[in-house]
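Asks: structure.txt is reproduced below (compact mmCIF, N, CA, C and O atoms).
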```
# COMPACT_ATOMS: atom_id res chain seq x y z
N MET A 1 7.12 5.41 9.31
CA MET A 1 6.45 4.51 8.42
C MET A 1 7.43 4.04 7.35
O MET A 1 8.03 4.86 6.68
N PRO A 2 7.61 2.75 7.22
CA PRO A 2 8.55 2.25 6.21
C PRO A 2 8.08 2.55 4.79
O PRO A 2 7.00 2.12 4.39
N GLN A 3 8.88 3.33 4.10
CA GLN A 3 8.61 3.60 2.69
C GLN A 3 9.14 2.44 1.89
O GLN A 3 10.29 2.04 2.07
N ILE A 4 8.32 1.89 1.01
CA ILE A 4 8.76 0.77 0.19
C ILE A 4 9.42 1.31 -1.07
O ILE A 4 10.50 0.88 -1.45
N PHE A 5 8.77 2.27 -1.72
CA PHE A 5 9.35 2.94 -2.88
C PHE A 5 8.54 4.19 -3.17
O PHE A 5 7.51 4.43 -2.55
N SER A 6 9.04 4.99 -4.09
CA SER A 6 8.31 6.18 -4.51
C SER A 6 8.14 6.15 -6.02
O SER A 6 8.92 5.53 -6.74
N ILE A 7 7.08 6.82 -6.46
CA ILE A 7 6.77 6.94 -7.88
C ILE A 7 6.48 8.41 -8.11
O ILE A 7 5.43 8.91 -7.70
N GLY A 8 7.43 9.12 -8.69
CA GLY A 8 7.29 10.57 -8.80
C GLY A 8 7.12 11.15 -7.41
O GLY A 8 7.87 10.82 -6.49
N PRO A 9 6.08 11.97 -7.20
CA PRO A 9 5.88 12.58 -5.88
C PRO A 9 5.16 11.68 -4.89
O PRO A 9 4.96 12.06 -3.74
N TYR A 10 4.76 10.48 -5.32
CA TYR A 10 3.94 9.61 -4.47
C TYR A 10 4.80 8.58 -3.74
O TYR A 10 5.66 7.94 -4.32
N LEU A 11 4.53 8.42 -2.46
CA LEU A 11 5.21 7.43 -1.63
C LEU A 11 4.30 6.23 -1.45
O LEU A 11 3.10 6.38 -1.20
N VAL A 12 4.87 5.04 -1.56
CA VAL A 12 4.16 3.80 -1.27
C VAL A 12 4.79 3.28 0.01
O VAL A 12 5.99 3.03 0.07
N PHE A 13 3.95 3.15 1.07
CA PHE A 13 4.49 2.83 2.38
C PHE A 13 3.54 1.95 3.16
O PHE A 13 2.38 1.76 2.79
N ILE A 14 4.04 1.42 4.26
CA ILE A 14 3.26 0.60 5.18
C ILE A 14 3.11 1.39 6.47
O ILE A 14 4.11 1.88 7.01
N TRP A 15 1.90 1.50 6.96
CA TRP A 15 1.65 2.16 8.23
C TRP A 15 1.81 1.09 9.31
O TRP A 15 1.04 0.15 9.37
N VAL A 16 2.82 1.22 10.16
CA VAL A 16 3.14 0.13 11.08
C VAL A 16 2.22 0.03 12.29
O VAL A 16 2.17 -1.00 12.94
N ASN A 17 1.46 1.04 12.59
CA ASN A 17 0.56 1.00 13.74
C ASN A 17 -0.84 0.60 13.27
O ASN A 17 -1.79 1.37 13.39
N GLU A 18 -0.97 -0.61 12.76
CA GLU A 18 -2.23 -1.08 12.18
C GLU A 18 -3.13 -1.79 13.19
O GLU A 18 -4.20 -2.21 12.85
N GLY A 19 -2.68 -1.95 14.40
CA GLY A 19 -3.48 -2.67 15.38
C GLY A 19 -3.04 -4.11 15.50
O GLY A 19 -2.16 -4.57 14.79
N LYS A 20 -3.66 -4.82 16.40
CA LYS A 20 -3.31 -6.23 16.64
C LYS A 20 -4.58 -7.06 16.57
O LYS A 20 -5.51 -6.79 17.30
N PRO A 21 -4.64 -8.08 15.75
CA PRO A 21 -3.67 -8.39 14.69
C PRO A 21 -3.75 -7.34 13.59
O PRO A 21 -4.77 -6.66 13.44
N PRO A 22 -2.69 -7.21 12.79
CA PRO A 22 -2.73 -6.23 11.70
C PRO A 22 -3.78 -6.62 10.66
O PRO A 22 -4.15 -7.78 10.52
N GLU A 23 -4.25 -5.61 9.95
CA GLU A 23 -5.19 -5.84 8.85
C GLU A 23 -4.51 -6.70 7.78
O GLU A 23 -3.29 -6.84 7.78
N PRO A 24 -5.30 -7.23 6.84
CA PRO A 24 -4.68 -7.94 5.71
C PRO A 24 -3.70 -7.02 4.97
O PRO A 24 -3.80 -5.79 5.05
N ILE A 25 -2.80 -7.62 4.24
CA ILE A 25 -1.73 -6.87 3.59
C ILE A 25 -2.28 -5.79 2.66
O ILE A 25 -3.17 -6.03 1.85
N HIS A 26 -1.72 -4.60 2.84
CA HIS A 26 -2.09 -3.45 2.02
C HIS A 26 -0.98 -2.41 2.11
O HIS A 26 -0.12 -2.49 2.99
N VAL A 27 -1.00 -1.46 1.20
CA VAL A 27 -0.07 -0.35 1.24
C VAL A 27 -0.86 0.95 1.25
O VAL A 27 -2.03 1.00 0.87
N HIS A 28 -0.19 1.98 1.70
CA HIS A 28 -0.74 3.33 1.70
C HIS A 28 0.01 4.12 0.64
O HIS A 28 1.20 3.87 0.39
N ILE A 29 -0.67 5.09 0.05
CA ILE A 29 -0.05 5.95 -0.95
C ILE A 29 -0.41 7.39 -0.60
O ILE A 29 -1.57 7.70 -0.35
N ALA A 30 0.61 8.23 -0.58
CA ALA A 30 0.39 9.65 -0.30
C ALA A 30 1.42 10.47 -1.05
O ALA A 30 2.49 9.96 -1.41
N GLU A 31 1.10 11.71 -1.26
CA GLU A 31 2.00 12.60 -1.97
C GLU A 31 2.97 13.26 -0.98
O GLU A 31 2.54 13.82 0.03
N LYS A 32 4.25 13.15 -1.25
CA LYS A 32 5.35 13.82 -0.55
C LYS A 32 5.67 13.30 0.84
O LYS A 32 6.82 13.25 1.22
N ARG A 33 4.68 12.92 1.65
CA ARG A 33 4.97 12.45 3.01
C ARG A 33 3.87 11.50 3.46
O ARG A 33 2.72 11.62 3.04
N PRO A 34 4.20 10.56 4.33
CA PRO A 34 3.18 9.64 4.85
C PRO A 34 2.15 10.38 5.71
O PRO A 34 2.52 11.22 6.53
N VAL A 35 0.90 10.09 5.46
CA VAL A 35 -0.20 10.61 6.29
C VAL A 35 -1.13 9.46 6.61
O VAL A 35 -1.28 8.53 5.83
N LYS A 36 -1.78 9.53 7.77
CA LYS A 36 -2.61 8.42 8.23
C LYS A 36 -3.80 8.15 7.31
O LYS A 36 -4.09 7.02 6.98
N ASN A 37 -4.51 9.17 6.90
CA ASN A 37 -5.69 8.97 6.06
C ASN A 37 -5.32 9.06 4.59
O ASN A 37 -5.84 9.88 3.84
N SER A 38 -4.44 8.17 4.17
CA SER A 38 -3.98 8.16 2.79
C SER A 38 -4.76 7.13 1.97
O SER A 38 -5.57 6.37 2.50
N THR A 39 -4.47 7.10 0.69
CA THR A 39 -5.06 6.10 -0.19
C THR A 39 -4.58 4.72 0.23
O THR A 39 -3.41 4.55 0.54
N ASN A 40 -5.49 3.73 0.24
CA ASN A 40 -5.15 2.36 0.63
C ASN A 40 -5.42 1.40 -0.52
O ASN A 40 -6.47 1.49 -1.17
N VAL A 41 -4.48 0.48 -0.73
CA VAL A 41 -4.62 -0.53 -1.77
C VAL A 41 -4.33 -1.89 -1.15
O VAL A 41 -3.28 -2.11 -0.56
N TRP A 42 -5.30 -2.81 -1.27
CA TRP A 42 -5.12 -4.19 -0.80
C TRP A 42 -4.27 -4.94 -1.80
O TRP A 42 -4.39 -4.74 -3.01
N ILE A 43 -3.42 -5.84 -1.31
CA ILE A 43 -2.66 -6.76 -2.16
C ILE A 43 -3.34 -8.13 -2.03
O ILE A 43 -3.51 -8.63 -0.92
N THR A 44 -3.74 -8.72 -3.14
CA THR A 44 -4.41 -10.01 -3.10
C THR A 44 -3.38 -11.14 -3.08
O THR A 44 -2.20 -10.92 -3.33
N SER A 45 -3.85 -12.34 -2.80
CA SER A 45 -2.94 -13.50 -2.74
C SER A 45 -2.28 -13.78 -4.09
O SER A 45 -1.23 -14.41 -4.16
N SER A 46 -2.88 -13.28 -5.18
CA SER A 46 -2.28 -13.47 -6.51
C SER A 46 -1.37 -12.30 -6.89
O SER A 46 -0.83 -12.29 -8.00
N GLY A 47 -1.19 -11.32 -5.98
CA GLY A 47 -0.32 -10.19 -6.26
C GLY A 47 -0.99 -9.03 -6.97
O GLY A 47 -0.33 -8.07 -7.35
N LYS A 48 -2.29 -9.10 -7.14
CA LYS A 48 -3.03 -8.02 -7.79
C LYS A 48 -3.41 -6.97 -6.74
O LYS A 48 -3.27 -7.17 -5.54
N CYS A 49 -3.93 -5.83 -7.21
CA CYS A 49 -4.33 -4.74 -6.33
C CYS A 49 -5.82 -4.53 -6.36
O CYS A 49 -6.45 -4.67 -7.41
N LEU A 50 -6.36 -4.16 -5.21
CA LEU A 50 -7.75 -3.73 -5.10
C LEU A 50 -7.74 -2.40 -4.37
O LEU A 50 -7.18 -2.29 -3.27
N LEU A 51 -8.36 -1.40 -4.95
CA LEU A 51 -8.42 -0.09 -4.32
C LEU A 51 -9.40 -0.13 -3.15
O LEU A 51 -10.57 -0.44 -3.33
N ALA A 52 -8.92 0.15 -1.95
CA ALA A 52 -9.78 0.22 -0.77
C ALA A 52 -10.40 1.61 -0.67
O ALA A 52 -11.60 1.74 -0.39
N ASN A 53 -9.60 2.65 -0.89
CA ASN A 53 -10.11 4.02 -0.90
C ASN A 53 -9.07 4.91 -1.55
O ASN A 53 -7.91 4.53 -1.69
N ASN A 54 -9.49 6.08 -1.96
CA ASN A 54 -8.58 7.07 -2.54
C ASN A 54 -8.65 8.35 -1.71
O ASN A 54 -8.96 9.42 -2.21
N ASN A 55 -8.38 8.22 -0.42
CA ASN A 55 -8.45 9.36 0.49
C ASN A 55 -7.47 10.47 0.12
O ASN A 55 -7.70 11.63 0.46
N SER A 56 -6.37 10.13 -0.55
CA SER A 56 -5.39 11.14 -0.95
C SER A 56 -5.81 11.89 -2.21
O SER A 56 -5.11 12.81 -2.63
N LYS A 57 -6.91 11.48 -2.80
CA LYS A 57 -7.44 12.14 -4.02
C LYS A 57 -6.40 12.15 -5.15
O LYS A 57 -6.22 13.15 -5.84
N ILE A 58 -5.75 11.01 -5.35
CA ILE A 58 -4.79 10.88 -6.44
C ILE A 58 -5.56 10.82 -7.74
O ILE A 58 -6.53 10.06 -7.87
N PRO A 59 -5.18 11.61 -8.74
CA PRO A 59 -5.88 11.58 -10.03
C PRO A 59 -5.90 10.15 -10.60
O PRO A 59 -4.91 9.41 -10.49
N THR A 60 -7.01 9.78 -11.22
CA THR A 60 -7.21 8.42 -11.71
C THR A 60 -6.07 7.91 -12.60
O THR A 60 -5.60 6.80 -12.38
N PRO A 61 -5.60 8.67 -13.60
CA PRO A 61 -4.51 8.13 -14.43
C PRO A 61 -3.26 7.82 -13.61
O PRO A 61 -2.62 6.78 -13.82
N ALA A 62 -2.90 8.69 -12.68
CA ALA A 62 -1.72 8.44 -11.84
C ALA A 62 -1.94 7.24 -10.94
O ALA A 62 -1.05 6.40 -10.77
N LEU A 63 -3.14 7.12 -10.36
CA LEU A 63 -3.44 6.00 -9.46
C LEU A 63 -3.38 4.67 -10.21
O LEU A 63 -2.83 3.69 -9.70
N LYS A 64 -3.90 4.62 -11.42
CA LYS A 64 -3.84 3.39 -12.21
C LYS A 64 -2.39 2.99 -12.48
O LYS A 64 -2.03 1.81 -12.38
N ASN A 65 -1.55 3.96 -12.79
CA ASN A 65 -0.14 3.68 -13.03
C ASN A 65 0.53 3.18 -11.75
O ASN A 65 1.30 2.21 -11.78
N ILE A 66 0.27 3.82 -10.63
CA ILE A 66 0.84 3.41 -9.35
C ILE A 66 0.41 1.98 -9.02
O ILE A 66 1.23 1.16 -8.58
N MET A 67 -0.85 1.67 -9.25
CA MET A 67 -1.34 0.32 -8.94
C MET A 67 -0.68 -0.72 -9.84
O MET A 67 -0.38 -1.82 -9.38
N ARG A 68 -0.42 -0.40 -11.09
CA ARG A 68 0.30 -1.33 -11.98
C ARG A 68 1.71 -1.60 -11.44
O ARG A 68 2.19 -2.73 -11.44
N ILE A 69 2.35 -0.55 -10.96
CA ILE A 69 3.71 -0.71 -10.41
C ILE A 69 3.66 -1.52 -9.12
O ILE A 69 4.52 -2.38 -8.89
N ILE A 70 2.67 -1.28 -8.29
CA ILE A 70 2.51 -2.06 -7.05
C ILE A 70 2.34 -3.54 -7.39
O ILE A 70 2.94 -4.40 -6.75
N GLU A 71 1.53 -3.86 -8.39
CA GLU A 71 1.35 -5.25 -8.79
C GLU A 71 2.68 -5.86 -9.25
O GLU A 71 3.01 -6.99 -8.90
N THR A 72 3.44 -5.11 -10.02
CA THR A 72 4.74 -5.59 -10.50
C THR A 72 5.70 -5.85 -9.35
O THR A 72 6.50 -6.78 -9.40
N ARG A 73 5.58 -5.06 -8.29
CA ARG A 73 6.50 -5.17 -7.15
C ARG A 73 5.85 -5.82 -5.93
O ARG A 73 6.34 -5.68 -4.81
N SER A 74 4.76 -6.55 -6.15
CA SER A 74 4.01 -7.13 -5.03
C SER A 74 4.85 -8.09 -4.18
O SER A 74 4.69 -8.13 -2.95
N LYS A 75 5.75 -8.84 -4.78
CA LYS A 75 6.59 -9.76 -3.99
C LYS A 75 7.45 -8.99 -2.99
O LYS A 75 7.61 -9.41 -1.85
N GLU A 76 7.99 -7.87 -3.42
CA GLU A 76 8.78 -7.01 -2.54
C GLU A 76 7.92 -6.49 -1.38
O GLU A 76 8.36 -6.47 -0.23
N ILE A 77 6.71 -6.11 -1.68
CA ILE A 77 5.79 -5.61 -0.66
C ILE A 77 5.45 -6.71 0.34
O ILE A 77 5.47 -6.49 1.56
N ILE A 78 5.19 -7.90 -0.16
CA ILE A 78 4.85 -9.03 0.72
C ILE A 78 6.04 -9.36 1.64
O ILE A 78 5.84 -9.58 2.84
N LEU A 79 7.24 -9.35 1.11
CA LEU A 79 8.43 -9.62 1.94
C LEU A 79 8.60 -8.54 3.01
O LEU A 79 8.92 -8.85 4.17
N THR A 80 8.40 -7.30 2.64
CA THR A 80 8.52 -6.20 3.61
C THR A 80 7.46 -6.34 4.70
O THR A 80 7.75 -6.20 5.89
N TRP A 81 6.22 -6.64 4.30
CA TRP A 81 5.13 -6.81 5.27
C TRP A 81 5.46 -7.93 6.25
O TRP A 81 5.32 -7.79 7.45
N ASN A 82 5.92 -9.05 5.71
CA ASN A 82 6.25 -10.21 6.54
C ASN A 82 7.38 -9.88 7.52
O ASN A 82 7.34 -10.31 8.68
N SER A 83 8.36 -9.12 7.08
CA SER A 83 9.46 -8.77 7.98
C SER A 83 9.00 -7.84 9.10
O SER A 83 9.55 -7.87 10.20
N LEU A 84 7.98 -7.03 8.83
CA LEU A 84 7.47 -6.11 9.86
C LEU A 84 6.51 -6.79 10.83
O LEU A 84 6.55 -6.52 12.03
N PHE A 85 5.63 -7.65 10.32
CA PHE A 85 4.55 -8.20 11.13
C PHE A 85 4.69 -9.69 11.42
O PHE A 85 3.95 -10.25 12.23
N GLY A 86 5.61 -10.38 10.73
CA GLY A 86 5.83 -11.79 11.00
C GLY A 86 4.85 -12.74 10.34
O GLY A 86 5.01 -13.94 10.43
N ASN A 87 3.86 -12.21 9.68
CA ASN A 87 2.92 -13.05 8.93
C ASN A 87 2.20 -12.19 7.90
O ASN A 87 2.22 -10.98 7.98
N VAL A 88 1.58 -12.86 6.96
CA VAL A 88 0.84 -12.17 5.90
C VAL A 88 -0.53 -12.82 5.79
O VAL A 88 -0.64 -14.03 5.68
N SER A 89 -1.56 -12.00 5.87
CA SER A 89 -2.92 -12.47 5.54
C SER A 89 -3.41 -11.58 4.40
O SER A 89 -2.96 -10.45 4.22
N TYR A 90 -4.34 -12.12 3.63
CA TYR A 90 -4.82 -11.42 2.44
C TYR A 90 -6.30 -11.09 2.56
O TYR A 90 -7.07 -11.85 3.15
N TYR A 91 -6.69 -9.95 1.99
CA TYR A 91 -8.10 -9.56 1.93
C TYR A 91 -8.86 -10.57 1.08
O TYR A 91 -9.96 -10.95 1.39
N CYS A 92 -8.24 -11.00 -0.01
CA CYS A 92 -8.82 -12.05 -0.86
C CYS A 92 -7.73 -12.67 -1.73
O CYS A 92 -6.65 -12.19 -1.83
```
Show me the file's structure as structure tokens.
Replies:
Amino acid sequence: MPQIFSIGPYLVFIWVNEGKPPEPIHVHIAEKRPVKNSTNVWITSSGKCLLANNNSKIPTPALKNIMRIIETRSKEIILTWNSLFGNVSYYC
């Protein structure tokens, strides 16, 4: 799974086996290593974040901070997604 970046013990990554066609652009967040049932965050067309789920049970203050960083680095995430899947669609 391509890791985009880490924030403390948390990895922000893309799960490459998303199916065909891939879901709208989103990232997974997990502590220490990528896991399939991790926290998911949608990236909107404006570069903002929407929490899809918090399966990793990341504490709220840490998750809010991670989401702020994801928003700041959304262009990097979009470029990485496009290089992996060849296109980008948005949840909203």
Asks: Find the distance between atom O of A:Asn65 and atom CA of A:Leu50 and write it in Å to one decimal.
Replies: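 Taking atom O of A:Asn65 as the start and atom CA of A:Leu50 as the end point, the length is 12.7 Å.
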Asks: Quick check, in Å to one decimal: how far apart do atom CA of A:Ala52 and atom CA of A:Lys64 lie?
Replies: 13.3 Å
Asks: Can you tell me how far atom CA of A:Val35 sits from atom CA of A:Ile77, in Å to one decimal?
Replies: 18.6 Å
Asks: For A:Ser89, which residue among A:Arg33, A:Phe13, A:Ser45, A:Thr39 is the nearest when counting only N, CA, C and O atoms?
Replies: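 The shortest atom-to-atom distance to A:Ser89 comes from A:Ser45.
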Asks: Please give the centre and size of the box around stretch 69-75 of chain A (axis-aligned, containing every atom listed in the file, 8 Å added per side), with values in Å to one decimal and written as lines of an AutoDock Vina configuration file.
Replies:
```
center_x = 4.5
center_y = -5.2
center_z = -6.4
size_x = 22.3
size_y = 25.2
size_z = 25.1
```
Asks: Could you give me the residues within chain A that DSSP places in helix (DSSP H, G or I), as a ChimeraX atom specification?
Replies: /A:60-72,74-85
Asks: Filtering to N, CA, C and O atoms, could you give me those residues as an mmCIF file, keeping the file's coordinate frame?
Replies:
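Resulting contents of result22.cif:
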```cif
data_model
loop_
_atom_site.group_PDB
_atom_site.id
_atom_site.type_symbol
_atom_site.label_atom_id
_atom_site.label_comp_id
_atom_site.auth_asym_id
_atom_site.auth_seq_id
_atom_site.Cartn_x
_atom_site.Cartn_y
_atom_site.Cartn_z
ATOM 1 N N THR A 60 -7.010 9.780 -11.220
ATOM 2 C CA THR A 60 -7.210 8.420 -11.710
ATOM 3 C C THR A 60 -6.070 7.910 -12.600
ATOM 4 O O THR A 60 -5.600 6.800 -12.380
ATOM 5 N N PRO A 61 -5.600 8.670 -13.600
ATOM 6 C CA PRO A 61 -4.510 8.130 -14.430
ATOM 7 C C PRO A 61 -3.260 7.820 -13.610
ATOM 8 O O PRO A 61 -2.620 6.780 -13.820
ATOM 9 N N ALA A 62 -2.900 8.690 -12.680
ATOM 10 C CA ALA A 62 -1.720 8.440 -11.840
ATOM 11 C C ALA A 62 -1.940 7.240 -10.940
ATOM 12 O O ALA A 62 -1.050 6.400 -10.770
ATOM 13 N N LEU A 63 -3.140 7.120 -10.360
ATOM 14 C CA LEU A 63 -3.440 6.000 -9.460
ATOM 15 C C LEU A 63 -3.380 4.670 -10.210
ATOM 16 O O LEU A 63 -2.830 3.690 -9.700
ATOM 17 N N LYS A 64 -3.900 4.620 -11.420
ATOM 18 C CA LYS A 64 -3.840 3.390 -12.210
ATOM 19 C C LYS A 64 -2.390 2.990 -12.480
ATOM 20 O O LYS A 64 -2.030 1.810 -12.380
ATOM 21 N N ASN A 65 -1.550 3.960 -12.790
ATOM 22 C CA ASN A 65 -0.140 3.680 -13.030
ATOM 23 C C ASN A 65 0.530 3.180 -11.750
ATOM 24 O O ASN A 65 1.300 2.210 -11.780
ATOM 25 N N ILE A 66 0.270 3.820 -10.630
ATOM 26 C CA ILE A 66 0.840 3.410 -9.350
ATOM 27 C C ILE A 66 0.410 1.980 -9.020
ATOM 28 O O ILE A 66 1.230 1.160 -8.580
ATOM 29 N N MET A 67 -0.850 1.670 -9.250
ATOM 30 C CA MET A 67 -1.340 0.320 -8.940
ATOM 31 C C MET A 67 -0.680 -0.720 -9.840
ATOM 32 O O MET A 67 -0.380 -1.820 -9.380
ATOM 33 N N ARG A 68 -0.420 -0.400 -11.090
ATOM 34 C CA ARG A 68 0.300 -1.330 -11.980
ATOM 35 C C ARG A 68 1.710 -1.600 -11.440
ATOM 36 O O ARG A 68 2.190 -2.730 -11.440
ATOM 37 N N ILE A 69 2.350 -0.550 -10.960
ATOM 38 C CA ILE A 69 3.710 -0.710 -10.410
ATOM 39 C C ILE A 69 3.660 -1.520 -9.120
ATOM 40 O O ILE A 69 4.520 -2.380 -8.890
ATOM 41 N N ILE A 70 2.670 -1.280 -8.290
ATOM 42 C CA ILE A 70 2.510 -2.060 -7.050
ATOM 43 C C ILE A 70 2.340 -3.540 -7.390
ATOM 44 O O ILE A 70 2.940 -4.400 -6.750
ATOM 45 N N GLU A 71 1.530 -3.860 -8.390
ATOM 46 C CA GLU A 71 1.350 -5.250 -8.790
ATOM 47 C C GLU A 71 2.680 -5.860 -9.250
ATOM 48 O O GLU A 71 3.010 -6.990 -8.900
ATOM 49 N N THR A 72 3.440 -5.110 -10.020
ATOM 50 C CA THR A 72 4.740 -5.590 -10.500
ATOM 51 C C THR A 72 5.700 -5.850 -9.350
ATOM 52 O O THR A 72 6.500 -6.780 -9.400
ATOM 53 N N SER A 74 4.760 -6.550 -6.150
ATOM 54 C CA SER A 74 4.010 -7.130 -5.030
ATOM 55 C C SER A 74 4.850 -8.090 -4.180
ATOM 56 O O SER A 74 4.690 -8.130 -2.950
ATOM 57 N N LYS A 75 5.750 -8.840 -4.780
ATOM 58 C CA LYS A 75 6.590 -9.760 -3.990
ATOM 59 C C LYS A 75 7.450 -8.990 -2.990
ATOM 60 O O LYS A 75 7.610 -9.410 -1.850
ATOM 61 N N GLU A 76 7.990 -7.870 -3.420
ATOM 62 C CA GLU A 76 8.780 -7.010 -2.540
ATOM 63 C C GLU A 76 7.920 -6.490 -1.380
ATOM 64 O O GLU A 76 8.360 -6.470 -0.230
ATOM 65 N N ILE A 77 6.710 -6.110 -1.680
ATOM 66 C CA ILE A 77 5.790 -5.610 -0.660
ATOM 67 C C ILE A 77 5.450 -6.710 0.340
ATOM 68 O O ILE A 77 5.470 -6.490 1.560
ATOM 69 N N ILE A 78 5.190 -7.900 -0.160
ATOM 70 C CA ILE A 78 4.850 -9.030 0.720
ATOM 71 C C ILE A 78 6.040 -9.360 1.640
ATOM 72 O O ILE A 78 5.840 -9.580 2.840
ATOM 73 N N LEU A 79 7.240 -9.350 1.110
ATOM 74 C CA LEU A 79 8.430 -9.620 1.940
ATOM 75 C C LEU A 79 8.600 -8.540 3.010
ATOM 76 O O LEU A 79 8.920 -8.850 4.170
ATOM 77 N N THR A 80 8.400 -7.300 2.640
ATOM 78 C CA THR A 80 8.520 -6.200 3.610
ATOM 79 C C THR A 80 7.460 -6.340 4.700
ATOM 80 O O THR A 80 7.750 -6.200 5.890
ATOM 81 N N TRP A 81 6.220 -6.640 4.300
ATOM 82 C CA TRP A 81 5.130 -6.810 5.270
ATOM 83 C C TRP A 81 5.460 -7.930 6.250
ATOM 84 O O TRP A 81 5.320 -7.790 7.450
ATOM 85 N N ASN A 82 5.920 -9.050 5.710
ATOM 86 C CA ASN A 82 6.250 -10.210 6.540
ATOM 87 C C ASN A 82 7.380 -9.880 7.520
ATOM 88 O O ASN A 82 7.340 -10.310 8.680
ATOM 89 N N SER A 83 8.360 -9.120 7.080
ATOM 90 C CA SER A 83 9.460 -8.770 7.980
ATOM 91 C C SER A 83 9.000 -7.840 9.100
ATOM 92 O O SER A 83 9.550 -7.870 10.200
ATOM 93 N N LEU A 84 7.980 -7.030 8.830
ATOM 94 C CA LEU A 84 7.470 -6.110 9.860
ATOM 95 C C LEU A 84 6.510 -6.790 10.830
ATOM 96 O O LEU A 84 6.550 -6.520 12.030
ATOM 97 N N PHE A 85 5.630 -7.650 10.320
ATOM 98 C CA PHE A 85 4.550 -8.200 11.130
ATOM 99 C C PHE A 85 4.690 -9.690 11.420
ATOM 100 O O PHE A 85 3.950 -10.250 12.230
#
```
Asks: Among chain A, which ones does DSSP assign to strand (DSSP E or B) (computed from the backbone)? Answer as a list in words.
Replies: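 Assigned to strand (DSSP E or B), within chain A: Gln3, Ile4, Phe5, Ser6, Ile7, Tyr10, Leu11, Val12, Phe13, His26, Val27, His28, Ile29, Ala30, Glu31, Thr39, Asn40, Val41, Trp42, Ile43, Cys49, Leu50, Leu51, Ala52 and Asn53 of chain A.
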Asks: Assuming the input is short of atoms at stretch 87-92 of chain A, produce all heavy atoms for that part as a PDB file, keeping the file's coordinate frame.
Replies:
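The new file out34.pdb reads:
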```pdb
ATOM      1  N   ASN A  87       3.860 -12.210   9.680  1.00  0.00           N
ATOM      2  CA  ASN A  87       2.920 -13.050   8.930  1.00  0.00           C
ATOM      3  C   ASN A  87       2.200 -12.190   7.900  1.00  0.00           C
ATOM      4  O   ASN A  87       2.220 -10.980   7.980  1.00  0.00           O
ATOM      5  CB  ASN A  87       1.927 -13.742   9.853  1.00  0.00           C
ATOM      6  CG  ASN A  87       0.951 -12.786  10.506  1.00  0.00           C
ATOM      7  OD1 ASN A  87       1.146 -11.567  10.490  1.00  0.00           O
ATOM      8  ND2 ASN A  87      -0.092 -13.304  11.088  1.00  0.00           N
ATOM      9  N   VAL A  88       1.580 -12.860   6.960  1.00  0.00           N
ATOM     10  CA  VAL A  88       0.840 -12.170   5.900  1.00  0.00           C
ATOM     11  C   VAL A  88      -0.530 -12.820   5.790  1.00  0.00           C
ATOM     12  O   VAL A  88      -0.640 -14.030   5.680  1.00  0.00           O
ATOM     13  CB  VAL A  88       1.565 -12.271   4.537  1.00  0.00           C
ATOM     14  CG1 VAL A  88       0.757 -11.625   3.437  1.00  0.00           C
ATOM     15  CG2 VAL A  88       2.962 -11.666   4.620  1.00  0.00           C
ATOM     16  N   SER A  89      -1.560 -12.000   5.870  1.00  0.00           N
ATOM     17  CA  SER A  89      -2.920 -12.470   5.540  1.00  0.00           C
ATOM     18  C   SER A  89      -3.410 -11.580   4.400  1.00  0.00           C
ATOM     19  O   SER A  89      -2.960 -10.450   4.220  1.00  0.00           O
ATOM     20  CB  SER A  89      -3.842 -12.396   6.751  1.00  0.00           C
ATOM     21  OG  SER A  89      -4.031 -11.066   7.166  1.00  0.00           O
ATOM     22  N   TYR A  90      -4.340 -12.120   3.630  1.00  0.00           N
ATOM     23  CA  TYR A  90      -4.820 -11.420   2.440  1.00  0.00           C
ATOM     24  C   TYR A  90      -6.300 -11.090   2.560  1.00  0.00           C
ATOM     25  O   TYR A  90      -7.070 -11.850   3.150  1.00  0.00           O
ATOM     26  CB  TYR A  90      -4.605 -12.280   1.192  1.00  0.00           C
ATOM     27  CG  TYR A  90      -3.145 -12.557   0.929  1.00  0.00           C
ATOM     28  CD1 TYR A  90      -2.532 -13.708   1.398  1.00  0.00           C
ATOM     29  CD2 TYR A  90      -2.374 -11.643   0.215  1.00  0.00           C
ATOM     30  CE1 TYR A  90      -1.193 -13.953   1.172  1.00  0.00           C
ATOM     31  CE2 TYR A  90      -1.034 -11.891  -0.015  1.00  0.00           C
ATOM     32  CZ  TYR A  90      -0.458 -13.044   0.466  1.00  0.00           C
ATOM     33  OH  TYR A  90       0.870 -13.276   0.235  1.00  0.00           O
ATOM     34  N   TYR A  91      -6.690  -9.950   1.990  1.00  0.00           N
ATOM     35  CA  TYR A  91      -8.100  -9.560   1.930  1.00  0.00           C
ATOM     36  C   TYR A  91      -8.860 -10.570   1.080  1.00  0.00           C
ATOM     37  O   TYR A  91      -9.960 -10.950   1.390  1.00  0.00           O
ATOM     38  CB  TYR A  91      -8.185  -8.154   1.344  1.00  0.00           C
ATOM     39  CG  TYR A  91      -9.587  -7.635   1.149  1.00  0.00           C
ATOM     40  CD1 TYR A  91     -10.350  -7.259   2.241  1.00  0.00           C
ATOM     41  CD2 TYR A  91     -10.142  -7.516  -0.112  1.00  0.00           C
ATOM     42  CE1 TYR A  91     -11.625  -6.796   2.084  1.00  0.00           C
ATOM     43  CE2 TYR A  91     -11.419  -7.039  -0.282  1.00  0.00           C
ATOM     44  CZ  TYR A  91     -12.156  -6.672   0.815  1.00  0.00           C
ATOM     45  OH  TYR A  91     -13.435  -6.212   0.640  1.00  0.00           O
ATOM     46  N   CYS A  92      -8.240 -11.000  -0.010  1.00  0.00           N
ATOM     47  CA  CYS A  92      -8.820 -12.050  -0.860  1.00  0.00           C
ATOM     48  C   CYS A  92      -7.730 -12.670  -1.730  1.00  0.00           C
ATOM     49  O   CYS A  92      -6.650 -12.190  -1.830  1.00  0.00           O
ATOM     50  CB  CYS A  92      -9.954 -11.532  -1.739  1.00  0.00           C
ATOM     51  SG  CYS A  92      -9.501 -10.265  -2.928  1.00  0.00           S
TER      52      CYS A  92
END
```
